[in-house]
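Listing of my_file22.cif, mmCIF, C-alpha atoms
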```cif
data_work
loop_
_atom_site.label_atom_id
_atom_site.label_comp_id
_atom_site.auth_asym_id
_atom_site.auth_seq_id
_atom_site.Cartn_x
_atom_site.Cartn_y
_atom_site.Cartn_z
CA MET J 1 13.29 33.08 15.63
CA ILE J 2 9.76 32.04 16.48
CA GLU J 3 9.29 29.94 19.59
CA PHE J 4 6.88 27.02 19.29
CA THR J 5 5.19 25.79 22.42
CA PHE J 6 3.81 22.27 22.51
CA TRP J 7 0.30 23.64 21.94
CA ASP J 8 1.44 25.71 18.95
CA ILE J 9 2.71 22.52 17.35
CA VAL J 10 -0.47 20.60 18.11
CA ARG J 11 -2.70 23.44 16.88
CA ASN J 12 -0.81 23.80 13.60
CA LEU J 13 -0.84 20.06 13.01
CA LEU J 14 -4.57 19.83 13.67
CA LEU J 15 -5.23 22.74 11.30
CA ALA J 16 -3.21 20.92 8.63
CA ALA J 17 -5.06 17.67 9.35
CA ARG J 18 -8.21 19.32 7.98
CA TRP J 19 -6.62 19.19 4.53
CA THR J 20 -5.74 15.53 4.98
CA VAL J 21 -9.38 14.78 5.82
CA LEU J 22 -10.71 16.89 2.95
CA LEU J 23 -8.31 15.32 0.45
CA SER J 24 -9.21 11.80 1.65
CA LEU J 25 -12.92 12.51 1.25
CA ALA J 26 -12.52 14.14 -2.18
CA ALA J 27 -10.37 11.25 -3.41
CA PHE J 28 -12.76 8.65 -2.01
CA VAL J 29 -15.83 10.24 -3.62
CA GLY J 30 -14.00 10.86 -6.89
CA GLY J 31 -12.50 7.38 -6.80
CA ALA J 32 -15.92 5.83 -6.21
CA LEU J 33 -17.40 7.65 -9.21
CA VAL J 34 -14.56 6.82 -11.59
CA GLY J 35 -14.35 3.34 -10.05
CA LEU J 36 -17.98 2.72 -10.98
CA VAL J 37 -17.19 3.52 -14.60
CA VAL J 38 -14.17 1.20 -14.53
CA LEU J 39 -16.29 -1.51 -12.89
CA PHE J 40 -18.88 -1.09 -15.63
CA PHE J 41 -16.22 -1.72 -18.29
CA ARG J 42 -14.66 -4.54 -16.26
CA ILE J 43 -17.84 -6.61 -15.95
CA ALA J 44 -19.17 -5.88 -19.44
CA LYS J 45 -19.55 -8.82 -21.81
CA ASN J 46 -17.41 -7.23 -24.50
CA LYS J 47 -13.92 -8.76 -24.53
CA TRP J 48 -12.12 -5.50 -25.36
CA SER J 49 -13.94 -3.50 -22.74
CA LYS J 50 -12.86 -6.10 -20.18
CA ARG J 51 -9.26 -6.00 -21.37
CA VAL J 52 -9.03 -2.21 -21.24
CA ALA J 53 -10.45 -2.13 -17.70
CA SER J 54 -8.13 -4.93 -16.54
CA GLY J 55 -5.17 -3.09 -18.04
CA TYR J 56 -6.19 0.12 -16.27
CA ILE J 57 -6.43 -1.70 -12.93
CA ALA J 58 -3.13 -3.55 -13.45
CA LEU J 59 -1.39 -0.28 -14.34
CA PHE J 60 -2.48 1.50 -11.16
CA GLN J 61 -1.92 -1.53 -8.93
CA GLY J 62 1.48 -2.27 -10.47
CA THR J 63 3.13 1.15 -10.17
CA PRO J 64 3.96 3.26 -7.10
CA LEU J 65 1.40 5.90 -6.13
CA LEU J 66 4.26 8.38 -5.88
CA MET J 67 4.99 7.91 -9.59
CA GLN J 68 1.29 8.34 -10.42
CA LEU J 69 1.28 11.63 -8.53
CA PHE J 70 4.42 12.81 -10.35
CA MET J 71 2.85 11.92 -13.70
CA MET J 72 -0.20 14.02 -12.83
CA PHE J 73 1.86 16.89 -11.52
CA PHE J 74 4.24 17.04 -14.48
CA GLY J 75 2.03 15.52 -17.18
CA LEU J 76 -1.12 17.63 -17.00
CA PRO J 77 0.68 20.97 -17.57
CA MET J 78 1.81 19.53 -20.93
CA LEU J 79 -1.83 19.38 -21.96
CA GLY J 80 -1.97 23.11 -21.31
CA LEU J 81 -3.67 22.83 -17.91
CA ARG J 82 -2.36 25.03 -15.17
CA ILE J 83 -2.07 22.64 -12.29
CA GLU J 84 -1.56 23.15 -8.61
CA PRO J 85 -0.55 20.59 -5.98
CA TRP J 86 -4.17 20.32 -4.78
CA THR J 87 -5.47 19.45 -8.27
CA ALA J 88 -2.70 16.96 -8.92
CA ALA J 89 -3.24 15.39 -5.51
CA VAL J 90 -7.01 15.00 -5.92
CA LEU J 91 -6.77 13.69 -9.49
CA GLY J 92 -3.86 11.35 -8.72
CA LEU J 93 -5.55 9.84 -5.67
CA THR J 94 -8.90 9.66 -7.52
CA PHE J 95 -7.48 7.49 -10.31
CA PHE J 96 -5.50 5.42 -7.80
CA ALA J 97 -8.64 4.83 -5.72
CA SER J 98 -10.79 4.09 -8.76
CA ALA J 99 -8.60 1.15 -9.76
CA TYR J 100 -8.66 -0.40 -6.28
CA LEU J 101 -12.38 0.21 -5.69
CA ALA J 102 -13.31 -1.20 -9.10
CA GLU J 103 -11.33 -4.35 -8.31
CA ILE J 104 -12.88 -4.71 -4.85
CA TRP J 105 -16.41 -4.31 -6.20
CA ARG J 106 -15.68 -6.60 -9.13
CA SER J 107 -14.90 -9.34 -6.63
CA GLY J 108 -18.32 -8.67 -5.11
CA VAL J 109 -20.07 -8.93 -8.48
CA ASP J 110 -18.20 -12.18 -9.23
CA ALA J 111 -19.20 -13.63 -5.87
CA LEU J 112 -22.92 -13.36 -6.67
CA PRO J 113 -24.50 -16.55 -7.92
CA ARG J 114 -25.35 -16.67 -11.62
CA GLY J 115 -29.01 -17.11 -10.63
CA GLN J 116 -29.20 -13.46 -9.60
CA TRP J 117 -28.61 -12.38 -13.21
CA ASP J 118 -30.98 -15.03 -14.52
CA ALA J 119 -33.70 -14.02 -12.07
CA GLY J 120 -33.31 -10.40 -13.12
CA ALA J 121 -33.55 -11.31 -16.78
CA SER J 122 -36.59 -13.47 -16.22
CA LEU J 123 -38.31 -10.51 -14.58
CA GLY J 124 -37.83 -8.67 -17.86
CA LEU J 125 -35.16 -6.25 -16.57
CA HIS J 126 -32.60 -5.09 -19.08
CA TYR J 127 -28.87 -5.05 -18.35
CA LEU J 128 -28.67 -1.63 -16.72
CA GLN J 129 -31.72 -2.25 -14.55
CA GLU J 130 -30.32 -5.59 -13.45
CA LEU J 131 -27.08 -3.88 -12.43
CA ARG J 132 -28.78 -1.02 -10.65
CA LEU J 133 -31.54 -2.95 -8.88
CA ILE J 134 -30.07 -6.40 -8.24
CA ILE J 135 -26.36 -6.83 -8.81
CA LEU J 136 -24.68 -3.66 -7.57
CA PRO J 137 -26.57 -3.26 -4.27
CA GLN J 138 -25.62 -6.81 -3.28
CA ALA J 139 -22.05 -6.45 -4.56
CA PHE J 140 -21.59 -3.27 -2.49
CA ALA J 141 -23.11 -4.91 0.56
CA ILE J 142 -20.77 -7.90 0.57
CA THR J 143 -17.66 -5.79 -0.12
CA ARG J 144 -18.30 -3.18 2.55
CA ALA J 145 -15.45 -4.40 4.78
CA PRO J 146 -12.70 -4.23 2.11
CA THR J 147 -14.10 -0.88 0.92
CA VAL J 148 -13.71 0.61 4.41
CA GLY J 149 -10.29 -1.05 4.62
CA PHE J 150 -9.30 0.68 1.41
CA LEU J 151 -10.48 4.03 2.80
CA VAL J 152 -7.91 3.58 5.57
CA GLN J 153 -5.24 2.89 2.96
CA LEU J 154 -6.34 6.01 1.07
CA ILE J 155 -6.10 8.22 4.16
CA LYS J 156 -2.56 6.97 4.77
CA SER J 157 -1.74 7.49 1.10
CA THR J 158 -2.55 11.21 1.29
CA ALA J 159 0.81 11.54 3.10
CA LEU J 160 2.52 11.12 -0.27
CA THR J 161 0.96 14.30 -1.63
CA SER J 162 3.30 16.21 0.66
CA ILE J 163 6.06 15.25 -1.77
CA ILE J 164 4.42 17.07 -4.69
CA GLY J 165 3.93 20.10 -2.47
CA PHE J 166 0.40 19.80 -1.16
CA GLU J 167 0.14 21.40 2.29
CA GLU J 168 -1.36 18.58 4.32
CA LEU J 169 -0.37 17.07 7.63
CA VAL J 170 3.03 15.66 6.69
CA ARG J 171 4.22 18.71 4.75
CA THR J 172 3.23 20.99 7.61
CA SER J 173 5.03 18.70 10.05
CA ASN J 174 8.19 18.90 7.92
CA ALA J 175 8.03 22.70 8.14
CA ILE J 176 7.42 22.63 11.91
CA ASN J 177 10.25 20.14 12.36
CA ASN J 178 12.61 22.41 10.43
CA ALA J 179 11.75 25.25 12.80
CA THR J 180 11.74 23.33 16.10
CA PHE J 181 14.29 20.53 15.54
CA GLU J 182 12.11 18.15 17.53
CA PRO J 183 11.48 15.37 15.02
CA PHE J 184 10.69 12.79 17.69
CA LYS J 185 7.85 14.87 19.09
CA VAL J 186 6.57 16.27 15.76
CA TYR J 187 6.49 13.01 13.79
CA GLY J 188 5.20 11.18 16.86
CA LEU J 189 2.26 13.60 17.00
CA VAL J 190 1.65 13.22 13.26
CA ALA J 191 1.57 9.45 13.65
CA LEU J 192 -0.86 9.86 16.54
CA ILE J 193 -3.21 12.07 14.48
CA PHE J 194 -3.21 9.56 11.61
CA PHE J 195 -3.82 6.77 14.11
CA VAL J 196 -6.83 8.57 15.58
CA MET J 197 -8.27 8.98 12.08
CA CYS J 198 -7.58 5.43 10.89
CA PHE J 199 -8.02 3.19 13.92
CA PRO J 200 -11.81 3.58 14.31
CA LEU J 201 -12.22 2.80 10.60
CA THR J 202 -9.99 -0.26 10.92
CA GLN J 203 -12.06 -1.48 13.84
CA TYR J 204 -15.26 -0.82 11.88
CA ALA J 205 -13.92 -2.81 8.92
CA ARG J 206 -12.99 -5.65 11.27
CA ARG J 207 -16.50 -5.66 12.75
CA LEU J 208 -18.04 -5.78 9.29
CA GLU J 209 -15.72 -8.64 8.38
CA ARG J 210 -16.69 -10.60 11.45
CA ALA J 211 -20.40 -9.96 10.84
CA ALA J 212 -19.99 -11.16 7.25
CA ALA J 213 -18.18 -14.32 8.34
CA ARG J 214 -21.02 -15.31 10.65
CA MET I 215 2.14 26.17 -27.87
CA GLY I 216 2.53 22.43 -28.20
CA TYR I 217 4.83 20.32 -26.14
CA SER I 218 6.92 17.73 -27.90
CA LEU I 219 8.14 14.69 -26.08
CA ASP I 220 11.86 14.12 -26.07
CA PHE I 221 13.49 10.86 -25.08
CA GLY I 222 16.96 11.77 -26.39
CA TRP I 223 18.33 11.89 -22.85
CA LEU I 224 17.47 8.25 -22.29
CA ALA I 225 20.65 6.83 -23.87
CA GLY I 226 22.81 8.50 -21.23
CA ALA I 227 20.48 7.59 -18.38
CA VAL I 228 20.28 3.82 -18.71
CA GLY I 229 23.13 3.31 -16.24
CA ALA I 230 21.56 5.49 -13.54
CA ILE I 231 18.15 3.84 -13.96
CA ALA I 232 19.71 0.37 -13.77
CA ARG I 233 21.65 1.29 -10.61
CA GLY I 234 18.51 2.69 -9.04
CA ALA I 235 16.51 -0.40 -9.95
CA ALA I 236 19.25 -2.61 -8.47
CA THR I 237 19.01 -0.72 -5.17
CA THR I 238 15.23 -1.06 -5.17
CA VAL I 239 15.62 -4.81 -5.72
CA LEU I 240 18.18 -4.99 -2.90
CA LEU I 241 15.82 -3.12 -0.55
CA ILE I 242 12.90 -5.43 -1.25
CA ALA I 243 15.07 -8.57 -1.03
CA VAL I 244 16.35 -7.64 2.43
CA THR I 245 12.87 -6.55 3.53
CA THR I 246 11.29 -9.78 2.33
CA LEU I 247 13.75 -11.99 4.22
CA ALA I 248 13.89 -9.91 7.41
CA GLY I 249 10.16 -9.11 7.36
CA THR I 250 9.09 -12.72 6.87
CA PHE I 251 11.43 -13.92 9.62
CA LEU I 252 10.20 -11.22 11.99
CA SER I 253 6.58 -11.97 11.24
CA ILE I 254 7.06 -15.70 11.93
CA LEU I 255 8.47 -14.77 15.34
CA GLY I 256 5.67 -12.25 15.84
CA ALA I 257 2.90 -14.61 14.84
CA ALA I 258 4.30 -17.40 17.03
CA GLY I 259 4.68 -14.96 19.94
CA LYS I 260 1.17 -13.69 19.48
CA ARG I 261 -0.17 -17.23 19.80
CA ASN I 262 2.06 -18.86 22.40
CA GLY I 263 3.85 -16.03 24.22
CA PRO I 264 3.11 -14.60 27.66
CA LYS I 265 0.25 -12.13 27.92
CA THR I 266 2.36 -8.94 27.93
CA LEU I 267 4.17 -10.05 24.78
CA ARG I 268 0.87 -10.82 23.09
CA LEU I 269 -0.47 -7.37 23.94
CA ALA I 270 2.74 -5.68 22.81
CA ILE I 271 2.65 -7.44 19.44
CA ALA I 272 -1.03 -6.57 18.95
CA ALA I 273 -0.33 -2.91 19.76
CA TYR I 274 2.64 -2.87 17.40
CA VAL I 275 0.53 -4.27 14.57
CA GLU I 276 -2.23 -1.69 15.12
CA VAL I 277 0.16 1.27 15.30
CA MET I 278 2.00 0.30 12.12
CA ARG I 279 -1.15 -0.48 10.17
CA ASN I 280 -2.88 2.77 11.07
CA THR I 281 -0.09 5.24 10.30
CA PRO I 282 1.47 6.12 6.92
CA PHE I 283 4.74 4.48 5.91
CA LEU I 284 6.19 7.90 5.06
CA VAL I 285 5.65 9.08 8.66
CA GLN I 286 7.19 5.87 10.03
CA LEU I 287 10.20 6.45 7.79
CA PHE I 288 10.63 10.07 8.94
CA PHE I 289 10.20 9.00 12.54
CA ILE I 290 12.96 6.42 12.22
CA PHE I 291 15.33 8.53 10.13
CA PHE I 292 14.84 11.94 11.76
CA GLY I 293 13.40 11.01 15.14
CA LEU I 294 15.63 8.20 16.38
CA PRO I 295 18.88 10.23 16.28
CA SER I 296 17.50 12.31 19.15
CA LEU I 297 17.57 9.06 21.16
CA GLY I 298 21.16 8.55 20.07
CA ILE I 299 20.37 6.02 17.32
CA ARG I 300 21.76 7.34 14.07
CA LEU I 301 21.22 5.26 10.94
CA ASP I 302 22.44 5.45 7.36
CA PRO I 303 19.63 6.33 4.94
CA ILE I 304 19.73 2.85 3.43
CA LEU I 305 19.69 1.16 6.84
CA ALA I 306 16.86 3.41 8.01
CA ALA I 307 14.94 2.51 4.84
CA MET I 308 15.50 -1.22 5.35
CA LEU I 309 14.47 -0.98 9.00
CA ALA I 310 11.33 1.04 8.22
CA MET I 311 10.32 -1.27 5.37
CA THR I 312 10.92 -4.40 7.45
CA LEU I 313 8.97 -3.08 10.44
CA ASN I 314 6.12 -1.92 8.21
CA MET I 315 5.89 -5.15 6.27
CA ALA I 316 6.08 -7.29 9.40
CA ALA I 317 2.96 -5.59 10.79
CA TYR I 318 0.99 -6.82 7.79
CA THR I 319 2.62 -10.22 7.47
CA ILE I 320 2.27 -11.06 11.19
CA GLU I 321 -1.48 -11.18 10.58
CA ILE I 322 -1.02 -13.17 7.38
CA VAL I 323 1.35 -15.72 8.94
CA GLY I 324 -0.93 -15.96 11.97
CA ALA I 325 -3.89 -16.81 9.76
CA GLY I 326 -1.74 -19.51 8.16
CA LEU I 327 -0.79 -20.98 11.54
CA ASP I 328 -4.46 -21.07 12.53
CA ALA I 329 -5.30 -22.88 9.29
CA VAL I 330 -3.09 -25.88 10.14
CA PRO I 331 -5.29 -28.49 11.85
CA ARG I 332 -4.49 -29.19 15.51
CA GLY I 333 -4.20 -32.87 14.74
CA GLN I 334 -0.93 -32.16 12.90
CA THR I 335 0.66 -30.84 16.10
CA GLU I 336 -0.76 -33.64 18.21
CA ALA I 337 0.44 -36.31 15.78
CA ALA I 338 3.95 -34.83 15.69
CA LEU I 339 4.12 -34.61 19.48
CA ALA I 340 2.94 -38.20 19.70
CA LEU I 341 5.84 -39.18 17.44
CA GLY I 342 8.20 -37.72 20.03
CA LEU I 343 9.22 -34.47 18.32
CA ARG I 344 10.06 -31.56 20.56
CA PRO I 345 7.67 -28.53 20.43
CA ARG I 346 10.22 -26.43 18.52
CA GLN I 347 10.70 -29.19 15.94
CA VAL I 348 6.95 -29.50 15.60
CA PHE I 349 6.66 -25.79 14.85
CA ILE I 350 9.56 -25.57 12.40
CA LYS I 351 9.18 -28.88 10.60
CA ILE I 352 5.45 -29.57 10.67
CA VAL I 353 3.31 -26.51 11.28
CA LEU I 354 5.30 -23.71 9.61
CA PRO I 355 5.78 -25.31 6.17
CA GLN I 356 2.06 -26.04 5.92
CA ALA I 357 1.18 -22.53 7.09
CA LEU I 358 3.54 -20.90 4.57
CA LYS I 359 2.00 -22.92 1.80
CA VAL I 360 -1.47 -21.64 2.66
CA ILE I 361 -0.48 -17.98 2.96
CA TYR I 362 1.99 -17.84 0.09
CA PRO I 363 -0.31 -15.92 -2.31
CA ALA I 364 -1.11 -13.27 0.32
CA LEU I 365 2.57 -12.98 1.21
CA THR I 366 3.44 -12.49 -2.47
CA SER I 367 0.95 -9.62 -2.80
CA GLN I 368 2.29 -7.97 0.32
CA ILE I 369 5.88 -8.15 -0.96
CA VAL I 370 4.87 -6.53 -4.27
CA ILE I 371 2.95 -3.79 -2.42
CA MET I 372 6.01 -3.13 -0.26
CA MET I 373 8.22 -2.90 -3.35
CA LEU I 374 5.93 -0.22 -4.78
CA GLU I 375 5.81 1.62 -1.49
CA SER I 376 9.62 1.68 -1.33
CA ALA I 377 9.52 4.56 -3.86
CA VAL I 378 8.98 6.78 -0.82
CA VAL I 379 12.45 6.13 0.65
CA SER I 380 13.86 8.45 -2.02
CA GLN I 381 12.70 11.16 0.40
CA ILE I 382 15.52 10.33 2.83
CA ALA I 383 18.04 10.26 -0.04
CA VAL I 384 18.36 6.51 -0.52
CA ARG I 385 19.67 6.21 -4.06
CA GLU I 386 17.00 3.89 -5.40
CA LEU I 387 14.91 4.10 -8.54
CA THR I 388 12.78 7.13 -7.62
CA TYR I 389 15.79 9.03 -6.31
CA GLU I 390 17.59 8.47 -9.62
CA ALA I 391 14.47 9.68 -11.43
CA ASP I 392 14.44 12.86 -9.34
CA MET I 393 18.11 13.45 -10.17
CA LEU I 394 17.59 12.76 -13.87
CA GLN I 395 14.65 15.11 -14.26
CA ALA I 396 16.55 17.85 -12.46
CA ARG I 397 19.35 17.45 -14.99
CA THR I 398 17.37 16.95 -18.19
CA PHE I 399 14.32 19.16 -17.43
CA ARG I 400 12.26 16.34 -18.92
CA ALA I 401 10.20 15.56 -15.85
CA PHE I 402 7.24 13.88 -17.51
CA GLU I 403 9.32 11.67 -19.79
CA THR I 404 11.63 10.70 -16.94
CA TYR I 405 8.83 9.71 -14.57
CA PHE I 406 7.02 7.95 -17.39
CA VAL I 407 10.04 5.77 -18.15
CA VAL I 408 10.66 5.05 -14.47
CA THR I 409 6.99 4.23 -13.91
CA MET I 410 7.25 1.65 -16.67
CA VAL I 411 10.39 0.24 -15.04
CA TYR I 412 8.43 -0.14 -11.80
CA LEU I 413 5.64 -1.88 -13.70
CA VAL I 414 8.11 -4.36 -15.18
CA LEU I 415 9.74 -4.86 -11.77
CA SER I 416 6.43 -5.55 -10.02
CA MET I 417 5.27 -7.97 -12.71
CA GLY I 418 8.66 -9.69 -12.74
CA LEU I 419 8.79 -9.90 -8.95
CA ARG I 420 5.33 -11.43 -8.84
CA ARG I 421 6.23 -13.97 -11.50
CA LEU I 422 9.49 -14.84 -9.74
CA LEU I 423 7.77 -15.32 -6.38
CA VAL I 424 4.95 -17.39 -7.83
CA GLY I 425 7.40 -19.56 -9.75
CA SER I 426 9.76 -20.19 -6.87
CA GLY I 427 6.83 -20.73 -4.51
CA ARG I 428 5.48 -23.44 -6.74
CA ARG I 429 8.87 -25.11 -6.87
CA VAL I 430 9.88 -24.84 -3.20
CA LEU I 431 6.57 -25.04 -1.36
CA GLY I 432 4.42 -26.67 -3.98
CA ALA I 433 2.03 -23.83 -3.25
CA GLY I 434 -0.85 -23.67 -5.69
CA VAL I 435 -0.50 -20.03 -6.68
CA SER I 436 -2.08 -18.63 -9.79
#
```
Encoding of this model in structure tokens:
Amino acid sequence: MIEFTFWDIVRNLLLAARWTVLLSLAAFVGGALVGLVVLFFRIAKNKWSKRVASGYIALFQGTPLLMQLFMMFFGLPMLGLRIEPWTAAVLGLTFFASAYLAEIWRSGVDALPRGQWDAGASLGLHYLQELRLIILPQAFAITRAPTVGFLVQLIKSTALTSIIGFEELVRTSNAINNATFEPFKVYGLVALIFFVMCFPLTQYARRLERAAAR
Amino acid sequence: MGYSLDFGWLAGAVGAIARGAATTVLLIAVTTLAGTFLSILGAAGKRNGPKTLRLAIAAYVEVMRNTPFLVQLFFIFFGLPSLGIRLDPILAAMLAMTLNMAAYTIEIVGAGLDAVPRGQTEAALALGLRPRQVFIKIVLPQALKVIYPALTSQIVIMMLESAVVSQIAVRELTYEADMLQARTFRAFETYFVVTMVYLVLSMGLRRLLVGSGRRVLGAGVS
């Protein structure tokens, strides 16, 4: 039997935390890209485009993330794709994030006064230019606090990918716990590592919120 | 090679899915009641309690909000027995869900308490009500009315997050899905059906909460 010292446990957990960070970043970037597309459909003038985007958002906000991950993990192989936990985790979290980010940014677009669109049009900008130059920059600026808040939620959500077999912080901690039988210490350390990652972001989001309220 | 979907197993699985869904509903019902009660105490303590209590509540809220629910659940279910506290899976799940939800709803309830004008308290005190009566009969109902939409969202989010408690073998909806797919080898179809059940549950729960909120509190919820 292998003996684990306290530092062995900490070192292994920190090594595994790299994957949590990487997965969070990949899902956030992917979610932002897909979320932009969803946002585009959501704020379009076409009724059907709006409906499809709203349905997409309602679907991802109305079902558990764990189920979404299972659907990716078991569904994609049916399309003939060989899929590994990492792929399923990134794709699952990307679609999950896209729905939430699209909805957050949509609230930003809705909050802008109608005059912003009119001013853009009167300058002779067409729809895409208006979005790119006038609407989206302001919408992103006023929704920065909830966007950072969602990033915290996303980091915490990566814990669920341990269930479909992705080797991140929680899955590694389960393995260490099975070897050391010290759940109090191991899960306490895992909670601490997540806290260290999330707390500064939470504080940053709070600062942004306060600055926006002033 | 194509894959053909097969839902033939569904006829024999309706009972298991219904039982699982009932457990999920039970979990969220208990969590809603206990979590709301706890967060009223927490929010009141955070405003009027002694300084150490206020700090303790603030620390509690930060710790719970900045760590994953899954880790909290494992900590409670696997970690507490080493302190001599051994809980049934379902009790551990209820405790973890309640503690997690309270951390979010303490902030929500607190915002509601702050939204009630001070004049309401002063007027009630002037009428000779005791401080406790003022809180329960005057301030709290008005606060709950203001925060009801936010509370509703939080309850639905918690219901969706409860899927995770299948990991400590609580026999709720996701657990039944895991069992079914292991028996039928129809993983995708099983999780698809159960995902749809969750969707119906979350929409139904939202509608139920909004409807009863309008009736009981007269809260203007859309």
Under the rule of at most 10 Å, produce a per-residue listing of chain I near chain J: chain, number, name, the closest pair of atoms, and the distance in Å, as a Markdown table, using all atoms listed in the file.
```
| residue | atom | partner | partner_atom | distance |
| --- | --- | --- | --- | --- |
| I:Met215 | CA | J:Gly80 | CA | 8.3 |
| I:Gly216 | CA | J:Met78 | CA | 7.9 |
| I:Tyr217 | CA | J:Met78 | CA | 6.1 |
| I:Ser218 | CA | J:Met78 | CA | 8.8 |
| I:Leu219 | CA | J:Met78 | CA | 9.5 |
| I:Glu276 | CA | J:Phe199 | CA | 7.7 |
| I:Val277 | CA | J:Phe195 | CA | 6.9 |
| I:Met278 | CA | J:Phe195 | CA | 8.9 |
| I:Arg279 | CA | J:Phe199 | CA | 8.6 |
| I:Asn280 | CA | J:Phe195 | CA | 5.1 |
| I:Thr281 | CA | J:Phe194 | CA | 5.5 |
| I:Pro282 | CA | J:Lys156 | CA | 4.6 |
| I:Phe283 | CA | J:Lys156 | CA | 7.8 |
| I:Leu284 | CA | J:Ala159 | CA | 6.8 |
| I:Val285 | CA | J:Ala191 | CA | 6.5 |
| I:Gln286 | CA | J:Ala191 | CA | 7.6 |
| I:Leu287 | CA | J:Tyr187 | CA | 9.6 |
| I:Phe288 | CA | J:Tyr187 | CA | 7.0 |
| I:Phe289 | CA | J:Tyr187 | CA | 5.6 |
| I:Ile290 | CA | J:Phe184 | CA | 8.7 |
| I:Phe291 | CA | J:Pro183 | CA | 9.2 |
| I:Phe292 | CA | J:Pro183 | CA | 5.8 |
| I:Gly293 | CA | J:Phe184 | CA | 4.1 |
| I:Leu294 | CA | J:Phe184 | CA | 6.9 |
| I:Pro295 | CA | J:Phe184 | CA | 8.7 |
| I:Ser296 | CA | J:Phe184 | CA | 7.0 |
| I:Leu297 | CA | J:Phe184 | CA | 8.6 |
| I:Val370 | CA | J:Gly62 | CA | 8.3 |
| I:Ile371 | CA | J:Gly62 | CA | 8.3 |
| I:Met372 | CA | J:Pro64 | CA | 9.6 |
| I:Met373 | CA | J:Pro64 | CA | 8.4 |
| I:Leu374 | CA | J:Pro64 | CA | 4.6 |
| I:Glu375 | CA | J:Pro64 | CA | 6.1 |
| I:Ser376 | CA | J:Pro64 | CA | 8.2 |
| I:Ala377 | CA | J:Pro64 | CA | 6.6 |
| I:Val378 | CA | J:Leu66 | CA | 7.1 |
| I:Gln381 | CA | J:Ile163 | CA | 8.1 |
| I:Thr388 | CA | J:Met67 | CA | 8.1 |
| I:Ala391 | CA | J:Met67 | CA | 9.8 |
| I:Arg400 | CA | J:Phe74 | CA | 9.2 |
| I:Ala401 | CA | J:Phe74 | CA | 6.3 |
| I:Phe402 | CA | J:Phe74 | CA | 5.3 |
| I:Glu403 | CA | J:Gly75 | CA | 8.6 |
| I:Thr404 | CA | J:Met71 | CA | 9.4 |
| I:Tyr405 | CA | J:Met71 | CA | 6.4 |
| I:Phe406 | CA | J:Met71 | CA | 6.8 |
| I:Val408 | CA | J:Met67 | CA | 8.0 |
| I:Thr409 | CA | J:Met67 | CA | 6.0 |
| I:Met410 | CA | J:Thr63 | CA | 7.7 |
| I:Val411 | CA | J:Thr63 | CA | 8.8 |
| I:Tyr412 | CA | J:Thr63 | CA | 5.7 |
| I:Leu413 | CA | J:Gly62 | CA | 5.3 |
| I:Val414 | CA | J:Gly62 | CA | 8.4 |
| I:Leu415 | CA | J:Gly62 | CA | 8.8 |
| I:Ser416 | CA | J:Gly62 | CA | 6.0 |
| I:Met417 | CA | J:Gly62 | CA | 7.2 |
```
**Prompt:** What lies within 9 Å of Lys260 of chain I using all atoms listed in the file, ignoring chain neighbours under 5 positions off, as a ChimeraX atom specification?
**Reply:** /I:255,265,267-272,320,324
**Sphere at (-28.7, -2.1, -11.4), radius 12 Å, counting only C-alpha atoms: residues as a PyMOL selection string** = chain J and resi 36+40+109+116-117+120-121+125-140
**Prompt:** Any idea what the distance is between atom CA of Ala230 of chain I and atom CA of Ala383 of chain I?
**Reply:** 14.7 Å
**Asked** In file coordinates, which residues lie within 12 Å of (15.0, -3.6, -2.0) using all atoms listed in the file, given as a VMD selection string?
**Response** chain I and resid 233 to 249 304 to 305 307 to 312 369 to 370 372 to 377 379 384 to 387 415 to 416 419
Go ahead and save the residues from that selection, with C-alpha atoms, as a short mmCIF file (atom, residue, chain, number, x, y, z; two decimals), keeping the file's coordinate frame.
```cif
data_model
loop_
_atom_site.label_atom_id
_atom_site.label_comp_id
_atom_site.auth_asym_id
_atom_site.auth_seq_id
_atom_site.Cartn_x
_atom_site.Cartn_y
_atom_site.Cartn_z
CA ARG I 233 21.65 1.29 -10.61
CA GLY I 234 18.51 2.69 -9.04
CA ALA I 235 16.51 -0.40 -9.95
CA ALA I 236 19.25 -2.61 -8.47
CA THR I 237 19.01 -0.72 -5.17
CA THR I 238 15.23 -1.06 -5.17
CA VAL I 239 15.62 -4.81 -5.72
CA LEU I 240 18.18 -4.99 -2.90
CA LEU I 241 15.82 -3.12 -0.55
CA ILE I 242 12.90 -5.43 -1.25
CA ALA I 243 15.07 -8.57 -1.03
CA VAL I 244 16.35 -7.64 2.43
CA THR I 245 12.87 -6.55 3.53
CA THR I 246 11.29 -9.78 2.33
CA LEU I 247 13.75 -11.99 4.22
CA ALA I 248 13.89 -9.91 7.41
CA GLY I 249 10.16 -9.11 7.36
CA ILE I 304 19.73 2.85 3.43
CA LEU I 305 19.69 1.16 6.84
CA ALA I 307 14.94 2.51 4.84
CA MET I 308 15.50 -1.22 5.35
CA LEU I 309 14.47 -0.98 9.00
CA ALA I 310 11.33 1.04 8.22
CA MET I 311 10.32 -1.27 5.37
CA THR I 312 10.92 -4.40 7.45
CA ILE I 369 5.88 -8.15 -0.96
CA VAL I 370 4.87 -6.53 -4.27
CA MET I 372 6.01 -3.13 -0.26
CA MET I 373 8.22 -2.90 -3.35
CA LEU I 374 5.93 -0.22 -4.78
CA GLU I 375 5.81 1.62 -1.49
CA SER I 376 9.62 1.68 -1.33
CA ALA I 377 9.52 4.56 -3.86
CA VAL I 379 12.45 6.13 0.65
CA VAL I 384 18.36 6.51 -0.52
CA ARG I 385 19.67 6.21 -4.06
CA GLU I 386 17.00 3.89 -5.40
CA LEU I 387 14.91 4.10 -8.54
CA LEU I 415 9.74 -4.86 -11.77
CA SER I 416 6.43 -5.55 -10.02
CA LEU I 419 8.79 -9.90 -8.95
#
```
